[in-house]
file work.pdb (PDB, C-alpha atoms)
ATOM      1  CA  MET A  24     -30.239 127.533  24.299
ATOM      2  CA  GLU A  25     -29.493 123.847  23.739
ATOM      3  CA  THR A  26     -28.825 122.674  20.207
ATOM      4  CA  ASN A  27     -28.183 119.310  18.643
ATOM      5  CA  MET A  28     -24.718 119.467  17.112
ATOM      6  CA  GLU A  29     -23.209 117.099  14.596
ATOM      7  CA  THR A  30     -20.204 116.882  12.331
ATOM      8  CA  ILE A  31     -20.948 116.215   8.684
ATOM      9  CA  VAL A  32     -18.017 115.269   6.483
ATOM     10  CA  GLU A  33     -19.081 115.941   2.904
ATOM     11  CA  THR A  34     -16.707 113.651   0.995
ATOM     12  CA  LYS A  35     -18.702 114.140  -2.216
ATOM     13  CA  LEU A  36     -20.457 117.464  -2.534
ATOM     14  CA  LYS A  37     -23.902 117.692  -4.040
ATOM     15  CA  ASN A  38     -24.324 119.922  -7.053
ATOM     16  CA  GLY A  39     -25.059 123.502  -6.084
ATOM     17  CA  LEU A  40     -23.794 126.984  -5.358
ATOM     18  CA  TYR A  41     -21.719 127.124  -2.161
ATOM     19  CA  LEU A  42     -21.373 130.479  -0.391
ATOM     20  CA  VAL A  43     -18.112 130.127   1.515
ATOM     21  CA  ALA A  44     -17.046 132.589   4.229
ATOM     22  CA  THR A  45     -13.311 133.290   4.316
ATOM     23  CA  PRO A  46     -11.151 135.058   6.947
ATOM     24  CA  ILE A  47     -11.461 138.817   7.404
ATOM     25  CA  GLY A  48      -7.878 138.996   8.632
ATOM     26  CA  ASN A  49      -6.579 136.106  10.706
ATOM     27  CA  LEU A  50      -6.196 133.048   8.472
ATOM     28  CA  GLY A  51      -6.741 130.802  11.465
ATOM     29  CA  ASP A  52     -10.426 131.724  11.415
ATOM     30  CA  ILE A  53     -11.227 129.686   8.313
ATOM     31  CA  SER A  54     -13.246 126.558   9.101
ATOM     32  CA  SER A  55     -12.250 123.007   8.212
ATOM     33  CA  ARG A  56     -15.557 122.684   6.350
ATOM     34  CA  ALA A  57     -14.765 125.770   4.250
ATOM     35  CA  ILE A  58     -11.363 124.331   3.327
ATOM     36  CA  HIS A  59     -12.927 120.991   2.388
ATOM     37  CA  VAL A  60     -15.576 122.631   0.200
ATOM     38  CA  LEU A  61     -13.038 124.860  -1.571
ATOM     39  CA  ARG A  62     -10.858 121.817  -2.287
ATOM     40  CA  THR A  63     -13.755 119.719  -3.529
ATOM     41  CA  VAL A  64     -15.902 121.983  -5.715
ATOM     42  CA  SER A  65     -15.372 122.104  -9.472
ATOM     43  CA  LEU A  66     -14.760 125.832  -9.560
ATOM     44  CA  ILE A  67     -14.341 128.827  -7.229
ATOM     45  CA  ALA A  68     -15.903 132.134  -8.270
ATOM     46  CA  ALA A  69     -13.879 134.913  -6.646
ATOM     47  CA  GLU A  70     -14.231 138.682  -6.476
ATOM     48  CA  ASP A  71     -10.486 139.203  -7.084
ATOM     49  CA  THR A  72      -8.709 136.081  -8.294
ATOM     50  CA  ARG A  73      -5.235 137.498  -7.569
ATOM     51  CA  HIS A  74      -6.216 138.218  -3.964
ATOM     52  CA  SER A  75      -7.952 134.863  -3.485
ATOM     53  CA  GLN A  76      -5.050 132.940  -4.986
ATOM     54  CA  LYS A  77      -2.959 133.844  -1.939
ATOM     55  CA  LEU A  78      -5.597 132.342   0.369
ATOM     56  CA  LEU A  79      -5.888 129.157  -1.678
ATOM     57  CA  LYS A  80      -2.107 128.747  -1.800
ATOM     58  CA  GLN A  81      -1.942 129.051   2.000
ATOM     59  CA  PHE A  82      -4.211 126.003   2.381
ATOM     60  CA  ASN A  83      -2.959 124.062  -0.635
ATOM     61  CA  ILE A  84      -6.244 124.438  -2.500
ATOM     62  CA  GLN A  85      -5.750 123.872  -6.221
ATOM     63  CA  THR A  86      -9.316 124.329  -7.448
ATOM     64  CA  PRO A  87      -9.557 126.568 -10.560
ATOM     65  CA  LEU A  88     -10.612 130.186 -10.030
ATOM     66  CA  PHE A  89     -13.227 132.120 -11.991
ATOM     67  CA  SER A  90     -13.498 135.917 -11.859
ATOM     68  CA  LEU A  91     -16.922 137.141 -10.679
ATOM     69  CA  HIS A  92     -17.230 140.751  -9.535
ATOM     70  CA  GLU A  93     -19.741 143.586  -9.528
ATOM     71  CA  HIS A  94     -18.914 144.601 -13.114
ATOM     72  CA  ASN A  95     -19.384 141.184 -14.757
ATOM     73  CA  GLU A  96     -21.769 139.319 -12.419
ATOM     74  CA  ARG A  97     -24.812 139.637 -14.677
ATOM     75  CA  ASP A  98     -22.846 138.541 -17.755
ATOM     76  CA  LYS A  99     -21.131 135.555 -16.118
ATOM     77  CA  THR A 100     -23.957 134.198 -13.935
ATOM     78  CA  ASP A 101     -25.441 132.031 -16.721
ATOM     79  CA  VAL A 102     -22.026 130.467 -17.374
ATOM     80  CA  LEU A 103     -21.669 129.384 -13.744
ATOM     81  CA  LEU A 104     -25.257 128.234 -13.249
ATOM     82  CA  ASN A 105     -25.164 126.195 -16.468
ATOM     83  CA  ARG A 106     -22.118 124.376 -15.170
ATOM     84  CA  ILE A 107     -24.012 123.519 -11.990
ATOM     85  CA  LEU A 108     -27.004 122.328 -14.030
ATOM     86  CA  ARG A 109     -24.621 120.034 -15.936
ATOM     87  CA  GLY A 110     -23.590 118.364 -12.685
ATOM     88  CA  GLU A 111     -20.792 120.495 -11.252
ATOM     89  CA  SER A 112     -20.510 122.397  -7.976
ATOM     90  CA  VAL A 113     -19.367 126.023  -7.654
ATOM     91  CA  ALA A 114     -18.147 127.963  -4.610
ATOM     92  CA  LEU A 115     -18.547 131.717  -4.303
ATOM     93  CA  ILE A 116     -16.091 133.689  -2.151
ATOM     94  CA  SER A 117     -15.449 137.399  -1.629
ATOM     95  CA  ASP A 118     -12.131 139.062  -0.883
ATOM     96  CA  ALA A 119     -12.802 138.586   2.842
ATOM     97  CA  GLY A 120     -15.637 137.537   5.097
ATOM     98  CA  THR A 121     -19.091 136.275   4.191
ATOM     99  CA  PRO A 122     -20.125 136.611   0.524
ATOM    100  CA  LEU A 123     -22.849 139.139  -0.398
ATOM    101  CA  ILE A 124     -22.342 141.274   2.740
ATOM    102  CA  SER A 125     -21.360 144.553   1.025
ATOM    103  CA  ASP A 126     -19.890 142.346  -1.704
ATOM    104  CA  PRO A 127     -21.086 140.918  -5.052
ATOM    105  CA  GLY A 128     -23.215 137.775  -5.271
ATOM    106  CA  TYR A 129     -26.835 138.845  -4.859
ATOM    107  CA  PHE A 130     -27.697 138.391  -8.532
ATOM    108  CA  ILE A 131     -26.249 134.906  -8.929
ATOM    109  CA  VAL A 132     -27.890 133.707  -5.699
ATOM    110  CA  LYS A 133     -31.237 135.148  -6.811
ATOM    111  CA  MET A 134     -30.971 133.448 -10.207
ATOM    112  CA  ALA A 135     -29.897 130.146  -8.620
ATOM    113  CA  HIS A 136     -33.091 130.083  -6.561
ATOM    114  CA  GLN A 137     -35.171 130.867  -9.646
ATOM    115  CA  GLN A 138     -33.639 127.856 -11.395
ATOM    116  CA  ASN A 139     -34.095 125.596  -8.337
ATOM    117  CA  ILE A 140     -30.344 125.251  -7.906
ATOM    118  CA  PRO A 141     -29.387 124.456  -4.287
ATOM    119  CA  VAL A 142     -27.682 127.335  -2.456
ATOM    120  CA  ILE A 143     -25.545 126.034   0.401
ATOM    121  CA  PRO A 144     -24.075 128.531   2.922
ATOM    122  CA  ILE A 145     -20.778 127.656   4.597
ATOM    123  CA  PRO A 146     -20.787 130.068   7.568
ATOM    124  CA  GLY A 147     -17.786 131.802   9.010
ATOM    125  CA  PRO A 148     -16.245 135.231   9.619
ATOM    126  CA  SER A 149     -18.245 138.426   9.147
ATOM    127  CA  ALA A 150     -16.836 141.822  10.112
ATOM    128  CA  LEU A 151     -20.180 143.321  11.112
ATOM    129  CA  ILE A 152     -21.155 140.453  13.449
ATOM    130  CA  THR A 153     -17.644 140.194  14.890
ATOM    131  CA  ALA A 154     -17.620 143.917  15.650
ATOM    132  CA  LEU A 155     -21.172 143.941  17.005
ATOM    133  CA  CYS A 156     -20.604 141.232  19.597
ATOM    134  CA  ALA A 157     -17.522 143.077  20.908
ATOM    135  CA  SER A 158     -18.974 146.587  20.710
ATOM    136  CA  GLY A 159     -20.622 146.884  24.113
ATOM    137  CA  LEU A 160     -23.754 148.181  22.369
ATOM    138  CA  PRO A 161     -27.173 146.469  22.292
ATOM    139  CA  THR A 162     -27.034 143.373  20.085
ATOM    140  CA  ASP A 163     -30.655 142.219  20.227
ATOM    141  CA  ARG A 164     -31.787 144.529  17.422
ATOM    142  CA  PHE A 165     -29.546 146.217  14.851
ATOM    143  CA  ILE A 166     -29.571 147.666  11.340
ATOM    144  CA  PHE A 167     -26.711 147.308   8.857
ATOM    145  CA  GLU A 168     -26.225 150.133   6.345
ATOM    146  CA  GLY A 169     -22.989 148.990   4.699
ATOM    147  CA  PHE A 170     -20.879 151.735   3.113
ATOM    148  CA  LEU A 171     -22.297 155.258   3.122
ATOM    149  CA  PRO A 172     -22.087 157.421  -0.047
ATOM    150  CA  ALA A 173     -18.789 159.151  -0.821
ATOM    151  CA  LYS A 174     -20.372 162.613  -1.142
ATOM    152  CA  SER A 175     -21.109 164.404   2.113
ATOM    153  CA  THR A 176     -24.544 165.713   1.056
ATOM    154  CA  GLN A 177     -25.765 162.221   0.191
ATOM    155  CA  ARG A 178     -24.139 160.769   3.294
ATOM    156  CA  GLN A 179     -25.816 163.321   5.561
ATOM    157  CA  ALA A 180     -29.196 162.653   3.954
ATOM    158  CA  ILE A 181     -28.976 158.961   4.851
ATOM    159  CA  LEU A 182     -27.761 159.715   8.375
ATOM    160  CA  LYS A 183     -30.658 162.154   8.908
ATOM    161  CA  SER A 184     -33.093 159.390   7.953
ATOM    162  CA  LEU A 185     -31.625 157.276  10.786
ATOM    163  CA  VAL A 186     -31.703 159.878  13.588
ATOM    164  CA  GLU A 187     -34.849 158.380  15.159
ATOM    165  CA  GLU A 188     -33.728 154.764  14.710
ATOM    166  CA  GLU A 189     -33.679 152.941  18.065
ATOM    167  CA  ARG A 190     -31.720 149.902  16.880
ATOM    168  CA  THR A 191     -27.916 149.776  16.931
ATOM    169  CA  LEU A 192     -26.592 151.224  13.660
ATOM    170  CA  ILE A 193     -23.716 149.504  11.842
ATOM    171  CA  PHE A 194     -21.667 150.932   8.961
ATOM    172  CA  TYR A 195     -18.533 149.990   7.039
ATOM    173  CA  GLU A 196     -16.009 152.684   6.171
ATOM    174  CA  SER A 197     -12.652 152.957   4.414
ATOM    175  CA  PRO A 198      -9.559 154.696   5.838
ATOM    176  CA  HIS A 199      -9.605 157.644   3.428
ATOM    177  CA  ARG A 200     -13.201 158.595   4.336
ATOM    178  CA  ILE A 201     -13.378 157.737   8.044
ATOM    179  CA  VAL A 202     -12.687 161.275   9.334
ATOM    180  CA  GLU A 203     -15.210 162.975   7.044
ATOM    181  CA  THR A 204     -17.821 160.344   7.853
ATOM    182  CA  LEU A 205     -17.321 160.839  11.599
ATOM    183  CA  LYS A 206     -17.652 164.609  11.155
ATOM    184  CA  ASP A 207     -21.020 164.084   9.464
ATOM    185  CA  MET A 208     -22.092 161.676  12.198
ATOM    186  CA  VAL A 209     -21.239 164.215  14.906
ATOM    187  CA  LEU A 210     -23.194 166.842  12.986
ATOM    188  CA  ILE A 211     -26.282 164.652  12.567
ATOM    189  CA  PHE A 212     -26.320 162.531  15.751
ATOM    190  CA  GLY A 213     -24.646 164.978  18.136
ATOM    191  CA  ASP A 214     -21.390 164.990  20.117
ATOM    192  CA  GLU A 215     -22.472 162.605  22.850
ATOM    193  CA  ARG A 216     -24.060 159.710  20.939
ATOM    194  CA  VAL A 217     -22.328 156.544  22.143
ATOM    195  CA  SER A 218     -20.385 154.676  19.463
ATOM    196  CA  THR A 219     -17.810 151.941  18.951
ATOM    197  CA  LEU A 220     -15.087 151.950  16.314
ATOM    198  CA  ALA A 221     -13.720 148.551  15.320
ATOM    199  CA  ARG A 222     -10.587 148.834  13.192
ATOM    200  CA  GLU A 223      -8.637 146.067  11.411
ATOM    201  CA  MET A 224     -10.764 143.248  12.853
ATOM    202  CA  THR A 225      -8.778 140.065  13.700
ATOM    203  CA  LYS A 226      -5.575 141.590  12.290
ATOM    204  CA  THR A 227      -2.348 142.573  14.055
ATOM    205  CA  PHE A 228      -3.428 146.152  14.791
ATOM    206  CA  GLU A 229      -7.024 145.374  15.725
ATOM    207  CA  THR A 230      -8.558 148.184  17.805
ATOM    208  CA  ILE A 231     -12.027 148.265  19.375
ATOM    209  CA  ARG A 232     -12.859 151.485  21.196
ATOM    210  CA  GLN A 233     -16.126 152.723  22.656
ATOM    211  CA  GLY A 234     -16.835 156.393  23.322
ATOM    212  CA  SER A 235     -18.847 159.375  22.185
ATOM    213  CA  LEU A 236     -18.723 160.333  18.521
ATOM    214  CA  LYS A 237     -16.888 163.494  19.558
ATOM    215  CA  THR A 238     -14.230 161.407  21.339
ATOM    216  CA  GLN A 239     -13.811 159.112  18.332
ATOM    217  CA  LEU A 240     -13.307 162.054  15.987
ATOM    218  CA  LYS A 241     -10.810 163.705  18.365
ATOM    219  CA  ALA A 242      -8.748 160.493  18.513
ATOM    220  CA  MET A 243      -8.576 160.421  14.710
ATOM    221  CA  ALA A 244      -7.489 164.046  14.521
ATOM    222  CA  GLU A 245      -4.717 163.587  17.082
ATOM    223  CA  ASN A 246      -3.158 160.407  15.675
ATOM    224  CA  VAL A 247      -3.021 159.718  11.948
ATOM    225  CA  ASN A 248      -2.330 156.040  12.652
ATOM    226  CA  GLU A 249      -5.872 155.792  14.019
ATOM    227  CA  THR A 250      -7.218 156.385  10.511
ATOM    228  CA  LYS A 251      -5.425 153.433   8.925
ATOM    229  CA  GLY A 252      -7.235 150.196   8.139
ATOM    230  CA  GLU A 253     -10.794 149.099   7.450
ATOM    231  CA  PHE A 254     -13.491 150.226   9.872
ATOM    232  CA  VAL A 255     -16.780 149.061  11.293
ATOM    233  CA  ILE A 256     -18.664 151.965  12.892
ATOM    234  CA  LEU A 257     -21.357 151.087  15.397
ATOM    235  CA  ILE A 258     -23.664 153.741  16.852
ATOM    236  CA  GLN A 259     -26.104 153.284  19.685
ATOM    237  CA  GLY A 260     -29.697 153.770  18.601
ATOM    238  CA  LYS A 261     -31.736 156.667  19.898
ATOM    239  CA  GLU A 262     -32.818 156.052  23.452
ATOM    240  CA  LYS A 263     -36.522 156.171  24.176
ATOM    241  CA  MET A 264     -37.507 159.114  26.330
ATOM    242  CA  ALA A 265     -37.945 157.568  29.769
ATOM    243  CA  LEU A 266     -41.233 158.098  31.533
ATOM    244  CA  SER A 267     -39.231 158.714  34.693
ATOM    245  CA  MET A 268     -38.167 162.169  33.514
ATOM    246  CA  THR A 269     -40.204 164.343  35.826
ATOM    247  CA  PRO A 270     -41.284 167.920  35.115
ATOM    248  CA  ASP A 271     -38.724 169.069  37.699
ATOM    249  CA  ALA A 272     -35.927 167.174  35.930
ATOM    250  CA  LYS A 273     -36.915 168.696  32.605
ATOM    251  CA  ARG A 274     -36.972 172.156  34.153
ATOM    252  CA  ILE A 275     -33.478 171.703  35.651
ATOM    253  CA  PHE A 276     -32.114 170.670  32.281
ATOM    254  CA  GLU A 277     -33.845 173.491  30.419
ATOM    255  CA  ILE A 278     -32.366 176.132  32.749
ATOM    256  CA  LEU A 279     -28.868 174.663  32.427
ATOM    257  CA  ASN A 280     -29.295 174.221  28.691
ATOM    258  CA  ASP A 281     -30.072 177.911  28.187
ATOM    259  CA  GLU A 282     -26.744 178.834  29.793
ATOM    260  CA  LEU A 283     -24.388 175.971  28.948
ATOM    261  CA  GLY A 284     -25.597 174.107  25.888
ATOM    262  CA  ALA A 285     -26.918 170.550  25.659
ATOM    263  CA  SER A 286     -23.715 168.603  26.338
ATOM    264  CA  LYS A 287     -22.684 170.333  29.587
ATOM    265  CA  ALA A 288     -26.304 170.740  30.700
ATOM    266  CA  ALA A 289     -26.916 167.015  30.291
ATOM    267  CA  ARG A 290     -23.835 166.163  32.353
ATOM    268  CA  LEU A 291     -24.771 168.512  35.226
ATOM    269  CA  ALA A 292     -28.458 167.591  35.181
ATOM    270  CA  ALA A 293     -27.495 163.931  35.425
ATOM    271  CA  LYS A 294     -25.363 164.638  38.504
ATOM    272  CA  ILE A 295     -28.150 166.645  40.154
ATOM    273  CA  THR A 296     -30.929 164.121  39.492
ATOM    274  CA  ASN A 297     -29.010 160.811  39.316
ATOM    275  CA  MET A 298     -30.571 160.211  35.912
ATOM    276  CA  SER A 299     -28.974 159.240  32.604
ATOM    277  CA  ARG A 300     -26.835 161.868  30.900
ATOM    278  CA  ASN A 301     -27.781 160.403  27.521
ATOM    279  CA  GLU A 302     -31.447 160.762  28.400
ATOM    280  CA  PHE A 303     -31.008 164.470  29.086
ATOM    281  CA  TYR A 304     -28.919 164.931  25.962
ATOM    282  CA  GLU A 305     -31.589 163.279  23.819
ATOM    283  CA  TYR A 306     -34.161 165.526  25.471
ATOM    284  CA  GLY A 307     -32.012 168.500  24.484
ATOM    285  CA  LEU A 308     -31.995 167.348  20.860
ATOM    286  CA  HIS A 309     -35.761 166.966  21.056
ATOM    287  CA  LEU A 310     -36.098 170.567  22.288
ATOM    288  CA  LYS A 311     -33.895 171.804  19.432
ATOM    289  CA  GLU A 312     -36.090 170.024  16.920
TER     290      GLU A 312
END

call {"tool": "encode", "arguments": {"input": "work.pdb", "output": "structure tokens"}}
result
Amino acid sequence: METNMETIVETKLKNGLYLVATPIGNLGDISSRAIHVLRTVSLIAAEDTRHSQKLLKQFNIQTPLFSLHEHNERDKTDVLLNRILRGESVALISDAGTPLISDPGYFIVKMAHQQNIPVIPIPGPSALITALCASGLPTDRFIFEGFLPAKSTQRQAILKSLVEEERTLIFYESPHRIVETLKDMVLIFGDERVSTLAREMTKTFETIRQGSLKTQLKAMAENVNETKGEFVILIQGKEKMALSMTPDAKRIFEILNDELGASKAARLAAKITNMSRNEFYEYGLHLKE
């Protein structure tokens, strides 16, 4: 698709709230526009000022920092918006990536719109989009669920609500919960559901691996190093039952399924009929239901 592209050098920023995306790992991914905005605004609201100070020092940005996180956002929003109303400009950054994506900022952005304060996005890195485009899974339609609950019962309840979802599913997960989360995903979605694990995006030990959920879990169990780092989990949505599955194909699978179980039956039925193994596996889950 053709687009008209232009370079705008904002020497003097207009008053407003700037949402500035910062690197998710590799510092080279920050844009020149983001650097300019962070140098030029009156104040930078940061999720963790100690963490953000390292980024600002790297690019010789001396703009004052203001702490804005999930525990004080509602209390401090009026302070920041009043400064903008008095003629200043404020940038909002998270610890990494695009603000508001599984990070604080929703409340201040909502209130800025209610007070007719301009909200200006400065686009850049985002872990979920970066992982999605490299995942090898469908990218035309997807659903982002962020971090799942820490407790397994609550986590399983959410996963069960997504079993019939046909769009690509995207989750964030931390290193200390990745194994338990994958176990729940295998339990709810089945061994053979295709998935991609993206670990440590843009960093030195970046790993992007596609395979069945069972394969992903096995890799974690066999190598503790696989569990280190921040994760994006992407799971292929449920495939629609193809109209091409003939009564004979269903019968072949059902006979094999009675003797071997869904996973092996799907693999053999696919070889016999030259049809999709995933299609047979999904049919097996449908029979179980």

call {"tool": "resolve_selection", "arguments": {"input": "work.pdb", "expression": "the PyMOL selection byres ((chain A and resi 192-200) around 10)", "output": "MDAnalysis selection string"}}
result
chainID A and resid 125 150:152 154:155 160:161 164:174 185 188:191 201:205 218:222 249:261

call {"tool": "closest_residue", "arguments": {"input": "work.pdb", "among": "A:Phe276, A:Asn49, A:Arg178, A:Val60", "to": "Ile145 of chain A", "atoms": "all atoms listed in the file"}}
result
A:Val60

call {"tool": "resolve_selection", "arguments": {"input": "work.pdb", "expression": "the PyMOL selection byres ((chain A and resi 290) around 10)", "output": "PyMOL selection string"}}
result
chain A and resi 276+279+285-289+291-295+298-301+303-304

call {"tool": "resolve_selection", "arguments": {"input": "work.pdb", "expression": "the PyMOL selection byres ((chain A and resi 98-101) around 10)", "output": "ChimeraX atom specification"}}
result
/A:89-92,94-97,102-107,128,130-132,134-135

call {"tool": "closest_residue", "arguments": {"input": "work.pdb", "among": "A:Lys206, A:Leu79, A:Pro146, A:Lys133", "to": "Arg56 of chain A", "atoms": "only C-alpha atoms"}}
result
A:Pro146

call {"tool": "closest_residue", "arguments": {"input": "work.pdb", "among": "A:Ala272, A:Glu277, A:Ser65, A:Ile58", "to": "Gln81 of chain A", "atoms": "only C-alpha atoms"}}
result
A:Ile58

call {"tool": "closest_residue", "arguments": {"input": "work.pdb", "among": "A:Gln239, A:Thr45, A:Ser112, A:Thr296", "to": "Ser75 of chain A", "atoms": "all atoms listed in the file"}}
result
A:Thr45

call {"tool": "axis_aligned_box", "arguments": {"input": "work.pdb", "around": "segment 103-106 of chain A", "padding_each_side": "4 Å", "output": "lines of an AutoDock Vina configuration file"}}
result
center_x = -23.5
center_y = 126.9
center_z = -14.9
size_x = 11.6
size_y = 13.0
size_z = 11.2

call {"tool": "closest_residue", "arguments": {"input": "work.pdb", "among": "A:Thr176, A:Asn139, A:Asn280, A:Thr72", "to": "Asp207 of chain A", "atoms": "only C-alpha atoms"}}
result
A:Thr176

call {"tool": "atom_distance", "arguments": {"input": "work.pdb", "atom1": "atom CA of Lys80 of chain A", "atom2": "atom CA of Leu50 of chain A"}}
result
11.9 Å

call {"tool": "atom_distance", "arguments": {"input": "work.pdb", "atom1": "atom CA of Glu70 of chain A", "atom2": "atom CA of Ile124 of chain A"}}
result
12.5 Å

call {"tool": "atom_distance", "arguments": {"input": "work.pdb", "atom1": "atom CA of Ile231 of chain A", "atom2": "atom CA of Thr153 of chain A"}}
result
10.8 Å

call {"tool": "closest_residue", "arguments": {"input": "work.pdb", "among": "A:Val209, A:Leu88, A:Ile278, A:Ile53", "to": "Ala114 of chain A", "atoms": "only C-alpha atoms"}}
result
A:Leu88

call {"tool": "residues_around", "arguments": {"input": "work.pdb", "residues": "Gly39 of chain A", "least_positions_apart": "4", "cutoff": "8 Å", "atoms": "only C-alpha atoms", "output": "PyMOL selection string"}}
result
chain A and resi 107+111-113+140-143

call {"tool": "residues_around", "arguments": {"input": "work.pdb", "residues": "Gly48 of chain A", "least_positions_apart": "6", "cutoff": "9 Å", "atoms": "only C-alpha atoms", "output": "PDB file with C-alpha atoms, in the frame of the given file"}}
result
ATOM      1  CA  ALA A 119     -12.802 138.586   2.842  1.00  0.00           C
ATOM      2  CA  GLY A 120     -15.637 137.537   5.097  1.00  0.00           C
ATOM      3  CA  GLU A 223      -8.637 146.067  11.411  1.00  0.00           C
ATOM      4  CA  MET A 224     -10.764 143.248  12.853  1.00  0.00           C
ATOM      5  CA  THR A 225      -8.778 140.065  13.700  1.00  0.00           C
ATOM      6  CA  LYS A 226      -5.575 141.590  12.290  1.00  0.00           C
ATOM      7  CA  THR A 227      -2.348 142.573  14.055  1.00  0.00           C
TER       8      THR A 227
END
